[in-house]
Every structure is written in structure tokens, then in C-alpha cells.
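Comments concern the structure below.
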Amino acid sequence: MLRVFYGIIALVAAFGGVFVVYEAVSYTDEQRARAPRYWLAFAGSGAALCLVGVGTIAWLLVGGDVPSAVGVLVLATALPSLVQALLHRWLDAERSPLLERLSRVAARRFGDSQD
């Protein structure tokens, strides 16, 4: 049962890694130019999270040890958040461009219907 639970967590992490890469692409060219190393580290941490998620699923399917897979998965899951915090500190940004875009769409869609 524990193997299935961590397999689901690894699947969520793999999809989360894809989302992190998508979010990294949403930064503007100016933001990328201001912090190229942090931006590359953020995009790379998303790719690494995706690979670790898929690798953890494969490891669990072939009968690998659950605690060792979970340890690597936890470290890979924390990495994008830490790198994004450094990126935002360097850029002096409060939110990511993707979150800004989503909040504008939500305000336009749901804000107009309340009038």
C-alpha cells in the first residue's frame, strides 16, 4: 500500500516538474536576461523534478526500496521552490508571470460577472 501511495506522489511530482518548466518559460525575455543563471536553474530544477518523478515510478515498479526513492523525491520536490525564491529575490518580483496572467484572467472573468 505504501508503494502505491508513493507511486501516486511520484506521478504528481512528474507532472509538477512539467508545470515548473512551463512556468519558467512564462518569464519575459527581460527577466531572463536579468537573472540568466537563476532562470536556467529554475527550468532545470523543473526538468530534474520530472525526471526524478518518472525515475521513482520506475524504481518502485521494479521493486526498489521505498525509503531511498522517497528521500530523493523529497529533495527534488523542494528544489524548484528554493530556486524560484532566489530568482524572485534577484528579480525583486512578488509573483511569477504565470500567476500574474492567471490572476488577470480570473479578475476579468469573475470580476465582471458580479456587477
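Following the order of the C-alpha cells, chains are lettered A, B, ..., residues in each are numbered from 1, and ligands are numbered from 1.
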
**Request:** Just the residues within 10 Å of Ser81 (chain A), please, counting only C-alpha atoms, with nothing from its chain fewer than 4 positions along; format it as an NGL selection string.
**Result:** :A and (20 or 42 or 45-46 or 76-77 or 85-87)

**Prompt:** Which residues come within 9 Å of region 8-11 of chain A, counting only C-alpha atoms, excluding same-chain residues fewer than 3 positions away, as a list in words?
**Reply:**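 Non-adjacent residues within range: Arg3, Val4, Phe5, Ala14, Phe15, Gly16, Cys50, Val52, Gly53, Val54, Gly55, Thr56, Ile57, Val70 and Leu73 of chain A.
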
**Message:** Going by DSSP on the backbone, which residues of region 25-73 of chain A come out as alpha helix (DSSP H)? List them as a PyMOL selection string.
**Reply:** chain A and resi 25+29-34+36-61+66-73

**Shell of 12 Å around Tyr38 (chain A), only C-alpha atoms, local chain residues under 4 positions omitted, as a list in words** = Ala24, Tyr27, Gln31, Arg32, Ala33, Arg34, Phe42, Ala43, Gly44, Ser45, Pro80, Ser81, Leu82, Val83, Gln84, Ala85, Leu86, Leu87, His88, Arg89, Trp90 and Leu91 of chain A

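Relative to CA of Leu99 (chain A), CA of Val21 (chain A) is found at 14.0 Å.
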
**Message:** I'd like the interatomic distance between CA of Trp59 (chain A) and CA of Leu40 (chain A), to a tenth of an Å.
**Reply:**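 CA of Leu40 (chain A) lies 27.5 Å from CA of Trp59 (chain A).
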
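Of note, CA of Gly64 (chain A) and CA of Ala47 (chain A) are spaced 22.4 Å apart.
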
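Restricting the calculation to only C-alpha atoms, the smallest distance between Trp39 (chain A) and any of A:Val66, A:Leu51, A:Val25, A:Leu61 is found for A:Val25.
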
**Request:** Name the residues in contact with Glu23 (chain A) at a cut-off of 8 Å, using only C-alpha atoms, excluding same-chain residues fewer than 3 positions from it; report them as an MDAnalysis selection string.
**Result:** chainID A and resid 19:20 26:27 96:98

Please produce a file of the residues just selected, as a compact mmCIF listing (two decimals), in the first residue's frame, where the atoms kept are N, CA and C atoms.
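Done, and the output landed in again_3.txt:
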```txt
# COMPACT_ATOMS: atom_id res chain seq x y z
N PHE A 19 4.99 21.30 -15.10
CA PHE A 19 4.39 22.60 -14.81
C PHE A 19 5.47 23.64 -14.47
N VAL A 20 6.51 23.23 -13.73
CA VAL A 20 7.59 24.16 -13.40
C VAL A 20 8.31 24.62 -14.66
N SER A 26 7.32 31.11 -18.94
CA SER A 26 6.45 32.29 -18.90
C SER A 26 7.20 33.56 -18.49
N TYR A 27 8.42 33.46 -18.00
CA TYR A 27 9.18 34.66 -17.66
C TYR A 27 9.54 35.41 -18.94
N SER A 96 5.12 35.11 -9.91
CA SER A 96 5.60 34.71 -11.23
C SER A 96 4.71 35.31 -12.31
N PRO A 97 5.23 35.45 -13.52
CA PRO A 97 4.42 36.00 -14.61
C PRO A 97 3.19 35.14 -14.92
N LEU A 98 3.31 33.84 -14.75
CA LEU A 98 2.17 32.96 -14.99
C LEU A 98 1.06 33.24 -13.99
```
